[in-house]
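Novice: Okay, so here is work-v1.cif, and as you'll see once you scroll down, it has mmCIF, C-alpha atoms.
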```
data_structure
loop_
_atom_site.label_atom_id
_atom_site.label_comp_id
_atom_site.auth_asym_id
_atom_site.auth_seq_id
_atom_site.Cartn_x
_atom_site.Cartn_y
_atom_site.Cartn_z
CA MET F 1358 -181.67 -0.36 22.41
CA ALA F 1359 -182.03 -2.83 25.24
CA ARG F 1360 -180.74 -6.33 24.71
CA LEU F 1361 -182.56 -9.53 25.58
CA LEU F 1362 -180.91 -12.36 27.44
CA PRO F 1363 -182.54 -15.77 27.99
CA LEU F 1364 -183.67 -16.67 31.50
CA GLN F 1365 -181.83 -19.46 33.31
CA ALA F 1366 -184.99 -21.14 34.52
CA SER F 1367 -188.69 -20.72 33.79
CA GLY F 1368 -190.55 -18.89 36.54
CA ALA F 1369 -187.39 -17.83 38.41
CA GLY F 1370 -187.43 -14.57 40.29
CA ALA F 1371 -185.41 -11.61 39.12
CA GLY F 1372 -182.87 -11.96 41.88
CA SER F 1373 -182.17 -15.61 41.23
CA VAL F 1374 -181.80 -14.97 37.51
CA GLY F 1375 -179.21 -12.27 38.11
CA GLN F 1376 -177.28 -14.44 40.51
CA ARG F 1377 -177.27 -17.49 38.24
CA ALA F 1378 -176.21 -15.46 35.24
CA GLY F 1379 -173.40 -13.82 37.23
CA TRP F 1380 -174.71 -10.24 36.91
CA ALA F 1381 -174.19 -7.67 39.66
CA ARG F 1382 -176.97 -5.23 40.41
CA SER F 1383 -177.98 -3.03 43.29
CA SER F 1384 -181.40 -3.11 44.96
CA SER F 1385 -182.41 -0.17 42.80
CA GLY F 1386 -181.57 -2.07 39.62
CA ARG F 1387 -178.43 -0.01 38.98
CA SER F 1388 -174.91 -1.28 38.64
CA PRO F 1389 -172.68 -0.22 41.56
CA GLY F 1390 -171.10 3.17 40.98
CA ARG F 1391 -173.41 4.17 38.08
CA GLY F 1392 -176.32 6.58 38.04
CA ARG F 1393 -179.60 6.12 36.20
CA ARG F 1394 -179.45 6.34 32.43
CA ARG F 1395 -181.85 8.57 30.53
CA PRO F 1396 -184.03 6.57 28.11
CA SER F 1397 -183.54 7.33 24.45
CA ALA F 1398 -186.39 8.81 22.50
CA GLY F 1399 -189.23 6.39 21.93
CA SER F 1400 -187.94 3.87 24.45
CA ARG F 1401 -189.26 3.06 27.89
CA THR F 1402 -187.22 2.84 31.02
CA LEU F 1403 -186.45 -0.69 32.12
CA SER F 1404 -184.72 -1.59 35.36
CA GLY F 1405 -181.99 -4.20 35.39
CA ASP F 1406 -184.35 -6.78 36.85
CA SER F 1407 -187.34 -6.13 34.54
CA LEU F 1408 -188.72 -9.38 33.23
CA CYS F 1409 -190.69 -10.27 30.14
CA GLY F 1410 -192.21 -13.42 31.56
CA ARG F 1411 -194.16 -14.63 28.54
CA ALA F 1412 -191.14 -14.51 26.27
CA GLY F 1413 -188.89 -15.90 29.00
CA LEU F 1414 -186.51 -12.98 28.61
CA LEU F 1415 -184.57 -10.74 30.95
CA VAL F 1416 -184.18 -7.15 29.78
CA THR F 1417 -180.98 -5.33 30.74
CA SER F 1418 -179.25 -2.12 29.77
CA PRO F 1419 -176.55 -2.57 27.10
CA CYS F 1420 -174.13 -0.37 29.06
CA ARG F 1421 -174.56 -2.06 32.42
CA PRO F 1422 -171.31 -3.97 33.20
CA ILE F 1423 -171.39 -7.67 33.93
CA ALA F 1424 -169.39 -8.37 37.09
CA ALA F 1425 -166.60 -10.89 36.90
CA ALA F 1426 -167.28 -14.16 38.63
CA MET F 1427 -165.50 -14.61 41.93
CA ALA F 1428 -162.37 -16.69 41.38
CA ARG F 1429 -161.41 -19.27 43.99
CA VAL F 1430 -157.68 -19.21 44.69
CA LEU F 1431 -156.08 -22.02 46.70
CA ILE F 1432 -152.67 -21.48 48.27
CA VAL F 1433 -151.17 -24.74 49.50
CA GLY F 1434 -148.87 -24.05 52.44
CA ALA F 1435 -149.71 -21.48 55.11
CA GLY F 1436 -146.12 -20.56 55.94
CA LEU F 1437 -144.20 -17.35 55.36
CA SER F 1438 -144.39 -17.47 51.55
CA GLY F 1439 -148.01 -18.63 51.43
CA SER F 1440 -149.37 -16.16 53.99
CA LEU F 1441 -147.48 -13.23 52.46
CA CYS F 1442 -148.64 -14.25 48.98
CA ALA F 1443 -152.26 -14.16 50.20
CA ALA F 1444 -151.79 -10.73 51.77
CA LEU F 1445 -150.11 -9.28 48.67
CA LEU F 1446 -152.77 -10.74 46.39
CA ARG F 1447 -155.49 -9.02 48.41
CA ARG F 1448 -153.46 -5.80 48.59
CA GLU F 1449 -152.60 -5.67 44.88
CA LEU F 1450 -156.06 -6.65 43.59
CA PRO F 1451 -158.50 -4.99 46.02
CA GLN F 1452 -161.27 -4.68 43.41
CA ARG F 1453 -160.90 -8.17 41.98
CA PRO F 1454 -163.52 -10.56 43.42
CA LEU F 1455 -161.34 -13.31 44.88
CA ARG F 1456 -161.95 -15.94 47.50
CA ILE F 1457 -158.51 -16.80 48.85
CA VAL F 1458 -158.20 -20.16 50.62
CA LEU F 1459 -155.11 -21.57 52.33
CA TRP F 1460 -154.60 -25.24 53.13
CA ASP F 1461 -151.81 -26.51 55.35
CA LYS F 1462 -151.15 -30.00 56.65
CA ALA F 1463 -149.88 -28.69 60.00
CA ARG F 1464 -152.09 -28.31 63.06
CA GLY F 1465 -151.67 -24.57 63.39
CA ALA F 1466 -149.98 -21.39 62.20
CA GLY F 1467 -146.20 -21.48 62.22
CA GLU F 1468 -145.92 -25.14 63.15
CA ALA F 1469 -144.13 -26.10 59.96
CA LEU F 1470 -141.76 -23.14 59.72
CA PRO F 1471 -138.26 -24.41 60.35
CA ARG F 1472 -136.70 -22.33 57.58
CA ALA F 1473 -133.17 -21.45 58.59
CA GLU F 1474 -130.50 -19.18 57.30
CA ARG F 1475 -126.95 -20.36 57.04
CA PRO F 1476 -124.88 -20.44 60.24
CA GLY F 1477 -123.64 -16.98 61.08
CA GLN F 1478 -126.55 -15.28 59.31
CA GLY F 1479 -129.28 -16.27 61.69
CA LEU F 1480 -132.36 -18.46 61.69
CA ILE F 1481 -136.06 -17.83 61.31
CA PRO F 1482 -137.86 -19.13 64.41
CA ALA F 1483 -140.63 -21.70 64.47
CA GLN F 1484 -143.42 -22.16 66.99
CA ALA F 1485 -143.07 -25.01 69.47
CA ARG F 1486 -145.91 -27.43 69.99
CA GLY F 1487 -146.51 -30.21 72.46
CA GLN F 1488 -146.42 -30.45 76.24
CA ARG F 1489 -144.69 -27.85 78.30
CA SER F 1490 -144.93 -26.43 81.78
CA PRO F 1491 -147.73 -23.88 82.33
CA GLY F 1492 -146.75 -20.48 81.01
CA SER F 1493 -143.51 -21.71 79.48
CA ARG F 1494 -142.96 -20.66 75.88
CA ALA F 1495 -140.34 -21.39 73.26
CA ASP F 1496 -139.48 -20.84 69.64
CA PRO F 1497 -137.34 -23.89 68.91
CA GLY F 1498 -136.66 -22.61 65.42
CA ALA F 1499 -133.99 -20.08 66.13
CA HIS F 1500 -132.95 -16.74 67.31
CA LYS F 1501 -133.41 -13.87 64.90
CA HIS F 1502 -134.55 -12.39 61.64
CA ARG F 1503 -131.96 -10.87 59.43
CA GLY F 1504 -132.68 -7.26 58.65
CA TRP F 1505 -132.55 -5.61 55.27
CA PRO F 1506 -129.07 -6.35 53.94
CA PRO F 1507 -126.82 -3.92 52.13
CA GLY F 1508 -127.85 -3.63 48.49
CA SER F 1509 -131.46 -4.76 48.90
CA GLU F 1510 -132.96 -4.55 45.44
CA ALA F 1511 -135.35 -1.65 44.93
CA GLY F 1512 -135.68 -1.28 48.68
CA ILE F 1513 -138.19 -4.14 48.72
CA SER F 1514 -137.22 -5.71 52.03
CA PRO F 1515 -137.16 -2.52 54.12
CA GLY F 1516 -140.84 -1.86 53.42
CA PHE F 1517 -141.86 -5.27 54.70
CA TYR F 1518 -139.68 -5.06 57.79
CA GLU F 1519 -140.92 -1.56 58.59
CA ASP F 1520 -144.51 -2.78 58.39
CA LEU F 1521 -143.82 -5.62 60.82
CA LEU F 1522 -141.93 -3.29 63.16
CA ALA F 1523 -144.79 -0.78 63.10
CA HIS F 1524 -147.25 -3.52 64.11
CA GLY F 1525 -144.97 -4.80 66.89
CA VAL F 1526 -144.52 -8.16 65.18
CA LEU F 1527 -140.76 -7.61 64.95
CA LYS F 1528 -138.46 -5.91 67.42
CA PRO F 1529 -134.75 -5.12 67.15
CA LEU F 1530 -132.46 -7.77 68.56
CA THR F 1531 -130.78 -6.31 71.63
CA ALA F 1532 -129.88 -9.45 73.59
CA PRO F 1533 -126.25 -10.70 73.44
CA VAL F 1534 -125.60 -13.51 70.96
CA GLU F 1535 -122.17 -15.13 71.17
CA GLY F 1536 -120.47 -16.29 67.99
CA MET F 1537 -122.86 -14.54 65.63
CA VAL F 1538 -121.33 -13.22 62.41
CA THR F 1539 -123.18 -10.16 61.14
CA GLU F 1540 -122.98 -8.32 57.85
CA GLU F 1541 -121.91 -4.71 57.87
CA ASP F 1542 -124.84 -2.26 58.18
CA SER F 1543 -127.33 -5.12 58.64
CA HIS F 1544 -130.13 -5.00 61.21
CA ASN F 1545 -131.23 -8.01 63.25
CA PHE F 1546 -134.69 -8.68 64.68
CA VAL F 1547 -136.63 -11.05 66.89
CA THR F 1548 -140.32 -11.95 66.95
CA PRO F 1549 -141.48 -11.56 70.57
CA GLN F 1550 -144.47 -13.83 69.93
CA GLY F 1551 -142.70 -16.28 67.63
CA ILE F 1552 -142.66 -16.75 63.87
CA SER F 1553 -146.34 -17.65 63.91
CA SER F 1554 -147.07 -13.99 64.68
CA ILE F 1555 -145.73 -13.01 61.24
CA VAL F 1556 -147.88 -15.65 59.56
CA LYS F 1557 -150.96 -14.59 61.53
CA HIS F 1558 -150.31 -10.94 60.68
CA TYR F 1559 -150.36 -11.65 56.95
CA LEU F 1560 -153.27 -14.07 57.16
CA THR F 1561 -155.34 -11.44 58.96
CA GLU F 1562 -154.45 -8.86 56.33
CA SER F 1563 -155.41 -11.24 53.53
CA GLY F 1564 -158.88 -12.03 54.85
CA ALA F 1565 -158.31 -15.58 53.59
CA ASP F 1566 -160.08 -18.73 54.76
CA VAL F 1567 -157.41 -20.88 56.42
CA PHE F 1568 -157.78 -24.61 56.96
CA TYR F 1569 -155.22 -26.69 58.87
CA GLU F 1570 -154.75 -30.46 58.77
CA HIS F 1571 -155.51 -30.32 55.03
CA HIS F 1572 -152.84 -32.49 53.43
CA VAL F 1573 -152.96 -32.20 49.63
CA THR F 1574 -152.29 -35.49 47.82
CA GLN F 1575 -153.55 -35.14 44.22
CA ILE F 1576 -154.36 -32.38 41.72
CA TYR F 1577 -156.52 -33.02 38.65
CA LEU F 1578 -157.66 -30.83 35.74
CA ARG F 1579 -161.47 -30.99 35.53
CA GLY F 1580 -163.50 -28.85 33.14
CA GLY F 1581 -161.19 -25.84 33.20
CA LYS F 1582 -160.70 -25.94 36.99
CA TRP F 1583 -158.34 -27.63 39.39
CA GLU F 1584 -159.77 -30.44 41.48
CA VAL F 1585 -157.61 -30.73 44.60
CA CYS F 1586 -157.75 -33.85 46.76
CA LYS F 1587 -156.59 -34.15 50.35
CA LYS F 1588 -155.98 -37.09 52.65
CA THR F 1589 -159.36 -36.72 54.34
CA GLY F 1590 -162.55 -35.11 53.11
CA SER F 1591 -164.02 -34.49 49.67
CA PRO F 1592 -162.09 -32.94 46.76
CA GLU F 1593 -162.69 -29.26 46.02
CA GLN F 1594 -162.39 -27.22 42.83
CA PHE F 1595 -160.44 -23.99 42.40
CA ASP F 1596 -159.75 -21.57 39.55
CA ILE F 1597 -156.14 -20.97 40.58
CA VAL F 1598 -153.74 -23.06 42.65
CA VAL F 1599 -150.48 -21.82 44.18
CA LEU F 1600 -148.07 -24.32 45.73
CA THR F 1601 -145.70 -22.92 48.38
CA ILE F 1602 -144.79 -26.24 50.01
CA PRO F 1603 -141.20 -27.59 49.88
CA VAL F 1604 -140.19 -28.63 46.37
CA PRO F 1605 -139.85 -32.38 47.18
CA GLN F 1606 -143.46 -32.34 48.37
CA ILE F 1607 -144.55 -30.77 45.07
CA LEU F 1608 -142.88 -33.64 43.21
CA GLN F 1609 -144.70 -36.15 45.44
CA LEU F 1610 -148.16 -34.93 44.37
CA GLN F 1611 -150.19 -37.34 42.25
CA GLY F 1612 -152.89 -36.87 39.60
CA ASP F 1613 -152.78 -34.86 36.39
CA ILE F 1614 -150.06 -32.63 37.82
CA VAL F 1615 -147.56 -35.44 37.19
CA ASN F 1616 -148.01 -35.06 33.42
CA ILE F 1617 -148.55 -31.29 33.52
CA ILE F 1618 -145.05 -30.65 34.85
CA LYS F 1619 -142.76 -30.52 31.82
CA GLU F 1620 -139.62 -32.62 31.79
CA SER F 1621 -137.41 -29.52 31.83
CA GLN F 1622 -139.34 -28.17 34.83
CA LYS F 1623 -139.11 -31.49 36.59
CA GLN F 1624 -135.34 -31.52 36.18
CA GLN F 1625 -135.13 -28.03 37.67
CA LEU F 1626 -137.36 -29.01 40.59
CA GLU F 1627 -135.34 -32.15 41.24
CA SER F 1628 -132.17 -30.06 41.46
CA VAL F 1629 -133.38 -28.28 44.62
CA SER F 1630 -131.79 -29.59 47.80
CA TYR F 1631 -132.41 -29.00 51.51
CA SER F 1632 -130.45 -29.48 54.70
CA SER F 1633 -131.95 -31.28 57.69
CA ARG F 1634 -131.57 -30.83 61.41
CA TYR F 1635 -133.23 -31.45 64.77
CA ALA F 1636 -134.40 -28.94 67.33
CA LEU F 1637 -134.96 -29.53 71.02
CA GLY F 1638 -137.08 -27.42 73.35
CA LEU F 1639 -136.65 -27.68 77.12
CA PHE F 1640 -139.42 -26.09 79.21
CA TYR F 1641 -139.12 -24.97 82.83
CA GLU F 1642 -141.38 -23.87 85.64
CA ALA F 1643 -141.83 -20.17 86.28
CA GLY F 1644 -139.11 -18.85 88.57
CA THR F 1645 -136.39 -21.16 87.26
CA TRP F 1646 -133.10 -19.34 86.78
CA ILE F 1647 -130.63 -20.28 84.03
CA ASP F 1648 -127.38 -18.51 84.83
CA VAL F 1649 -125.57 -17.75 81.56
CA PRO F 1650 -124.31 -14.36 80.33
CA TRP F 1651 -125.75 -14.75 76.83
CA ALA F 1652 -129.20 -15.03 75.31
CA ALA F 1653 -128.02 -17.22 72.44
CA GLN F 1654 -124.80 -18.86 71.38
CA TYR F 1655 -123.36 -20.45 68.25
CA ILE F 1656 -121.37 -23.61 68.92
CA THR F 1657 -118.47 -24.48 66.62
CA ASN F 1658 -116.66 -27.31 68.42
CA ASN F 1659 -119.41 -29.87 69.07
CA PRO F 1660 -120.27 -32.83 66.80
CA CYS F 1661 -123.98 -32.52 67.52
CA ILE F 1662 -125.08 -29.03 68.61
CA ARG F 1663 -124.75 -25.87 66.52
CA PHE F 1664 -126.92 -23.33 68.35
CA ILE F 1665 -128.42 -22.75 71.81
CA SER F 1666 -130.71 -20.00 73.02
CA ILE F 1667 -132.42 -19.03 76.25
CA ASP F 1668 -135.62 -18.19 74.48
CA ASN F 1669 -137.16 -15.71 76.92
CA LYS F 1670 -133.87 -13.77 77.10
CA LYS F 1671 -133.52 -13.80 73.32
CA ARG F 1672 -136.97 -12.28 72.93
CA ASN F 1673 -136.59 -9.91 75.91
CA ILE F 1674 -139.50 -11.47 77.76
CA GLU F 1675 -139.21 -11.21 81.53
CA SER F 1676 -142.30 -12.38 83.40
CA SER F 1677 -143.04 -14.11 86.68
CA GLU F 1678 -145.84 -15.98 84.89
CA PHE F 1679 -143.68 -17.60 82.23
CA GLY F 1680 -140.90 -20.06 82.86
CA PRO F 1681 -137.72 -19.99 80.77
CA SER F 1682 -137.10 -22.35 77.88
CA VAL F 1683 -133.91 -23.52 76.23
CA VAL F 1684 -133.79 -24.11 72.49
CA VAL F 1685 -131.15 -26.33 70.89
CA HIS F 1686 -130.36 -26.77 67.18
CA THR F 1687 -128.25 -29.62 65.92
CA SER F 1688 -125.71 -29.18 63.16
CA VAL F 1689 -126.71 -30.08 59.62
CA PRO F 1690 -124.27 -33.04 59.37
CA PHE F 1691 -125.77 -34.51 62.55
CA GLY F 1692 -129.30 -33.94 61.23
CA ILE F 1693 -128.54 -35.66 57.92
CA ALA F 1694 -126.79 -38.59 59.60
CA HIS F 1695 -129.77 -39.19 61.91
CA LEU F 1696 -132.56 -38.11 59.55
CA GLU F 1697 -134.34 -41.46 59.46
CA TRP F 1698 -133.91 -42.16 63.16
CA ASP F 1699 -136.86 -42.00 65.53
CA LYS F 1700 -136.95 -38.76 67.50
CA GLU F 1701 -137.09 -40.76 70.72
CA LYS F 1702 -133.64 -42.18 69.95
CA VAL F 1703 -132.13 -38.86 68.86
CA GLN F 1704 -133.32 -36.87 71.88
CA PRO F 1705 -131.01 -38.56 74.48
CA ILE F 1706 -127.99 -37.97 72.23
CA ILE F 1707 -128.73 -34.25 72.04
CA LEU F 1708 -129.33 -34.03 75.79
CA ASP F 1709 -125.99 -35.72 76.53
CA GLN F 1710 -124.16 -33.22 74.33
CA LEU F 1711 -126.07 -30.33 75.93
CA GLU F 1712 -124.94 -31.50 79.35
CA ASN F 1713 -121.32 -31.33 78.14
CA ILE F 1714 -121.80 -27.74 76.98
CA MET F 1715 -123.99 -26.54 79.87
CA PRO F 1716 -123.25 -28.70 82.93
CA GLY F 1717 -125.62 -28.19 85.82
CA LEU F 1718 -128.54 -27.12 83.67
CA PRO F 1719 -131.78 -27.43 85.72
CA LYS F 1720 -134.04 -30.40 85.00
CA PRO F 1721 -136.90 -29.34 82.68
CA THR F 1722 -140.53 -30.19 83.33
CA SER F 1723 -141.01 -31.21 79.68
CA ILE F 1724 -139.01 -31.66 76.49
CA LYS F 1725 -140.06 -31.42 72.86
CA CYS F 1726 -137.95 -32.85 70.02
CA GLN F 1727 -138.67 -31.75 66.45
CA LYS F 1728 -137.26 -33.11 63.19
CA TRP F 1729 -136.80 -30.65 60.33
CA ARG F 1730 -136.50 -32.63 57.15
CA TYR F 1731 -136.55 -29.42 55.07
CA SER F 1732 -134.64 -27.05 57.31
CA GLN F 1733 -133.09 -24.72 54.76
CA VAL F 1734 -132.60 -24.58 51.02
CA THR F 1735 -128.99 -25.36 50.17
CA LYS F 1736 -129.54 -25.27 46.41
CA ALA F 1737 -132.44 -23.33 44.88
CA ILE F 1738 -133.96 -23.46 41.38
CA PRO F 1739 -131.29 -22.28 38.91
CA SER F 1740 -131.28 -18.49 38.36
CA CYS F 1741 -133.70 -18.07 41.32
CA PRO F 1742 -136.78 -16.97 39.31
CA GLY F 1743 -139.00 -16.63 42.38
CA GLN F 1744 -141.77 -18.82 40.96
CA MET F 1745 -142.51 -21.42 38.30
CA THR F 1746 -145.69 -21.40 36.23
CA LEU F 1747 -146.70 -25.00 35.57
CA HIS F 1748 -149.98 -24.29 33.73
CA ILE F 1749 -151.64 -21.08 32.51
CA LYS F 1750 -155.34 -21.77 31.92
CA PRO F 1751 -156.28 -22.58 34.60
CA LEU F 1752 -153.32 -21.14 36.45
CA LEU F 1753 -151.04 -23.41 38.48
CA VAL F 1754 -147.98 -21.76 40.04
CA CYS F 1755 -145.41 -22.90 42.57
CA GLY F 1756 -143.00 -20.83 44.63
CA GLY F 1757 -141.36 -20.37 48.02
CA ASP F 1758 -137.78 -20.11 49.22
CA GLY F 1759 -136.80 -23.07 47.04
CA PHE F 1760 -137.17 -20.68 44.11
CA THR F 1761 -135.12 -17.85 45.65
CA HIS F 1762 -132.96 -18.32 48.77
CA SER F 1763 -133.59 -19.67 52.23
CA ASN F 1764 -134.35 -16.73 54.49
CA PHE F 1765 -137.17 -14.28 55.11
CA ASP F 1766 -136.05 -12.05 52.24
CA GLY F 1767 -136.28 -15.09 49.97
CA CYS F 1768 -139.88 -15.68 51.04
CA ILE F 1769 -140.66 -12.01 50.34
CA ASP F 1770 -139.07 -12.15 46.89
CA SER F 1771 -140.95 -15.31 45.95
CA ALA F 1772 -144.32 -14.01 47.15
CA ILE F 1773 -143.86 -10.87 45.04
CA CYS F 1774 -143.02 -12.95 41.95
CA ILE F 1775 -146.00 -15.25 42.50
CA VAL F 1776 -148.44 -12.35 42.78
CA GLU F 1777 -147.00 -10.71 39.65
CA ALA F 1778 -147.57 -13.96 37.75
CA LEU F 1779 -151.16 -14.12 39.00
CA LYS F 1780 -151.83 -10.48 38.11
CA THR F 1781 -150.51 -11.05 34.59
CA ASN F 1782 -152.76 -14.05 33.97
CA LEU F 1783 -155.90 -13.12 35.90
#
```
Before anything else, please render the file you have as structure tokens.
Specialist:
Amino acid sequence: MARLLPLQASGAGAGSVGQRAGWARSSSGRSPGRGRRRPSAGSRTLSGDSLCGRAGLLVTSPCRPIAAAMARVLIVGAGLSGSLCAALLRRELPQRPLRIVLWDKARGAGEALPRAERPGQGLIPAQARGQRSPGSRADPGAHKHRGWPPGSEAGISPGFYEDLLAHGVLKPLTAPVEGMVTEEDSHNFVTPQGISSIVKHYLTESGADVFYEHHVTQIYLRGGKWEVCKKTGSPEQFDIVVLTIPVPQILQLQGDIVNIIKESQKQQLESVSYSSRYALGLFYEAGTWIDVPWAAQYITNNPCIRFISIDNKKRNIESSEFGPSVVVHTSVPFGIAHLEWDKEKVQPIILDQLENIMPGLPKPTSIKCQKWRYSQVTKAIPSCPGQMTLHIKPLLVCGGDGFTHSNFDGCIDSAICIVEALKTNL
């Protein structure tokens, strides 16, 4: 027995009716993956797009599946957690029709990635922006990725690191680093092309639409969907929203989200704290020689500087086309004390201290100073759940290293938890 469904509009063609009603059909009138059905006795064969125009009815087979509508998923924050979340979502739900969109307020991939591990454990690098000498490159974030640590749960981290190693995104750290404290049986890595190469790797795998300079300001609940507003441009609606921005920025969002966050959740979010620091990148002409025996060094006896690296040596890049670059990290106490200062006033202080540590350093062709207000998570959400579900229908989830711990493994753990929450509620 065929069933009769009302047309969406009088006089519409078969194709437009199917599209408006959300039905999937092939050009032959069959659902994908199904063969033709034999008509039952006394019935006539009707294709999926057969129309009974006078009655205004569309005739379809009762066993032909109706395809799920494509859900629009917005991930706010195109950093490590956000990009990996997009890739895992695509990997875990390959048959689910999803349009994954990422918005980030930065100008490009990896620009807002100053996540750092605690001193002695290493730092995740960030991509430098701004003026530099031709061919000079730097990662003013830091010097290495921590490898899979002893006791990694369920062997989760090794799989991710092995994937990045296989694609050449990570390489083992072989350059000498003075003052680095390493865990027993741990493995250390560098990103030859900077932290942005990890983000780009996962974004490519996800097939997501990525939009930069999209600064989210308000989130409203409209007719069973999320209406997301940004500083410039028109609001857009999404079926699912995932927030991977720093926790203080989540609490700054306006709109219905203010009342959607429960008081107990708000208290947990407000308990998250971050350290702050500055980074300085010094860029040199090709052929400049910086004569030091190390590629990176931890500093323990300076009131301002905590870490220095010769970036090309750290990443094992030797080229006559690229000039060297020096990367400097301040200590956290210095960063907090000068957090509200203008970068132009902080930069000379850092340079004076660098001169004390490395006298005779060549004059750079350009300098870039970067403030990291949210450098590393010093206190995460209690019990480190990996994610927090703020609303179920429609789904609103937040995550990132503020919900786990502040290193690459923390971003991995959070992305996995976010995707599991989405799979459960999709």
Novice: Exactly which residues make up the result of the PyMOL selection byres ((chain F and resi 1647-1661) around 7) on this file, given as a list in words?
Specialist: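 Evaluating the PyMOL selection byres ((chain F and resi 1647-1661) around 7) on these coordinates yields Ala1532, Pro1533, Val1534, Glu1535, Gly1536, Met1537, Thr1645, Trp1646, Ile1662, Arg1663, Phe1664, Ile1665, Ser1666, Ile1667, Lys1670, Lys1671, Thr1687, Ser1688, Phe1691, Ile1707 and Gln1710 of chain F.
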Novice: Using all atoms listed in the file, can you tell me which of F:Val1615, F:Pro1454, F:Cys1442, F:Asp1566 comes closest to Gln1744 of chain F?
Specialist: F:Cys1442
Novice: Got a sec to resolve the PyMOL selection byres ((chain F and resi 1461) around 9) on this structure and send the residues as a PDB file with C-alpha atoms, keeping the file's coordinate frame?
Specialist:
```pdb
ATOM      1  CA  ILE F1432    -152.670 -21.480  48.270  1.00  0.00           C
ATOM      2  CA  VAL F1433    -151.170 -24.740  49.500  1.00  0.00           C
ATOM      3  CA  GLY F1434    -148.870 -24.050  52.440  1.00  0.00           C
ATOM      4  CA  ALA F1435    -149.710 -21.480  55.110  1.00  0.00           C
ATOM      5  CA  GLY F1436    -146.120 -20.560  55.940  1.00  0.00           C
ATOM      6  CA  LEU F1459    -155.110 -21.570  52.330  1.00  0.00           C
ATOM      7  CA  TRP F1460    -154.600 -25.240  53.130  1.00  0.00           C
ATOM      8  CA  LYS F1462    -151.150 -30.000  56.650  1.00  0.00           C
ATOM      9  CA  ALA F1463    -149.880 -28.690  60.000  1.00  0.00           C
ATOM     10  CA  ARG F1464    -152.090 -28.310  63.060  1.00  0.00           C
ATOM     11  CA  GLY F1465    -151.670 -24.570  63.390  1.00  0.00           C
ATOM     12  CA  ALA F1466    -149.980 -21.390  62.200  1.00  0.00           C
ATOM     13  CA  ALA F1469    -144.130 -26.100  59.960  1.00  0.00           C
ATOM     14  CA  VAL F1567    -157.410 -20.880  56.420  1.00  0.00           C
ATOM     15  CA  PHE F1568    -157.780 -24.610  56.960  1.00  0.00           C
ATOM     16  CA  TYR F1569    -155.220 -26.690  58.870  1.00  0.00           C
ATOM     17  CA  GLU F1570    -154.750 -30.460  58.770  1.00  0.00           C
ATOM     18  CA  HIS F1571    -155.510 -30.320  55.030  1.00  0.00           C
ATOM     19  CA  HIS F1572    -152.840 -32.490  53.430  1.00  0.00           C
ATOM     20  CA  VAL F1573    -152.960 -32.200  49.630  1.00  0.00           C
ATOM     21  CA  ILE F1602    -144.790 -26.240  50.010  1.00  0.00           C
TER      22      ILE F1602
END
```
Novice: Kindly resolve the PyMOL selection byres ((chain F and resi 1750) around 12) on the present coordinates and return the residues as a list in words.
Specialist: Leu1578, Arg1579, Gly1580, Gly1581, Lys1582, Trp1583, Phe1595, Asp1596, Ile1597, Val1598, Ile1617, Thr1746, Leu1747, His1748, Ile1749, Pro1751, Leu1752, Leu1753, Val1754, Leu1779, Asn1782 and Leu1783 of chain F
Novice: Nearest residue to Gly1638 of chain F out of F:Leu1711, F:Val1585, F:Leu1608, F:Cys1726, using only C-alpha atoms?
Specialist: F:Cys1726
Novice: One decimal, Å: what's the distance from atom CA of Lys1780 of chain F over to atom CA of Leu1445 of chain F, could you say?
Specialist: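 Atom-to-atom, atom CA of Lys1780 of chain F and atom CA of Leu1445 of chain F are spaced 10.8 Å apart.
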Novice: As an exercise, work out the distance from atom CA of Lys1528 of chain F to atom CA of Asp1758 of chain F in Å and give it to one decimal place.
Specialist: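 Atom CA of Asp1758 of chain F lies 23.1 Å from atom CA of Lys1528 of chain F.
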Novice: Can you work out which one of F:Arg1634, F:Arg1429, F:Lys1700, F:His1524 has the shortest atom-to-atom distance to Tyr1731 of chain F, counting all atoms listed in the file?
Specialist: F:Arg1634
Novice: Could you give me, as JSON lines, a per-residue list for segment 1662-1778 of chain F showing, wherever an atom lies at most 8 Å from an atom of segment 1541-1554 of chain F, the closest pair of atoms and their distance in Å to one decimal, using only C-alpha atoms and sorting by chain then residue number from low to high?
Specialist:
```
{"residue": "F:Lys1671", "atom": "CA", "partner": "F:Val1547", "partner_atom": "CA", "distance": 7.7}
{"residue": "F:Arg1672", "atom": "CA", "partner": "F:Pro1549", "partner_atom": "CA", "distance": 5.1}
{"residue": "F:Asn1673", "atom": "CA", "partner": "F:Pro1549", "partner_atom": "CA", "distance": 7.4}
{"residue": "F:Ile1674", "atom": "CA", "partner": "F:Pro1549", "partner_atom": "CA", "distance": 7.5}
```
Novice: What does the structure give for the distance between atom CA of Val1599 of chain F and atom CA of Lys1728 of chain F, in Å to one decimal?
Specialist: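 Between atom CA of Val1599 of chain F and atom CA of Lys1728 of chain F the gap is 25.8 Å.
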Novice: Rank nothing, just name the residue among F:Pro1705, F:Pro1529, F:Gly1680, F:Gly1692 nearest to Gly1644 of chain F, using all atoms listed in the file.
Specialist: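 With all atoms listed in the file as the atom set, the closest residue is F:Gly1680.
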Novice: Of the candidates F:Ser1771, F:Ser1440, F:Thr1735, F:Thr1561, which one gets nearest to Ser1628 of chain F if we count all atoms listed in the file?
Specialist: F:Thr1735
Novice: Taking (-156.9, -39.8, 53.8) in the coordinates of the supplied file, I want to know which residues reach to within 10 Å of it, counting all atoms listed in the file; could you give the answer as a ChimeraX atom specification?
Specialist: /F:1571-1574,1586-1591
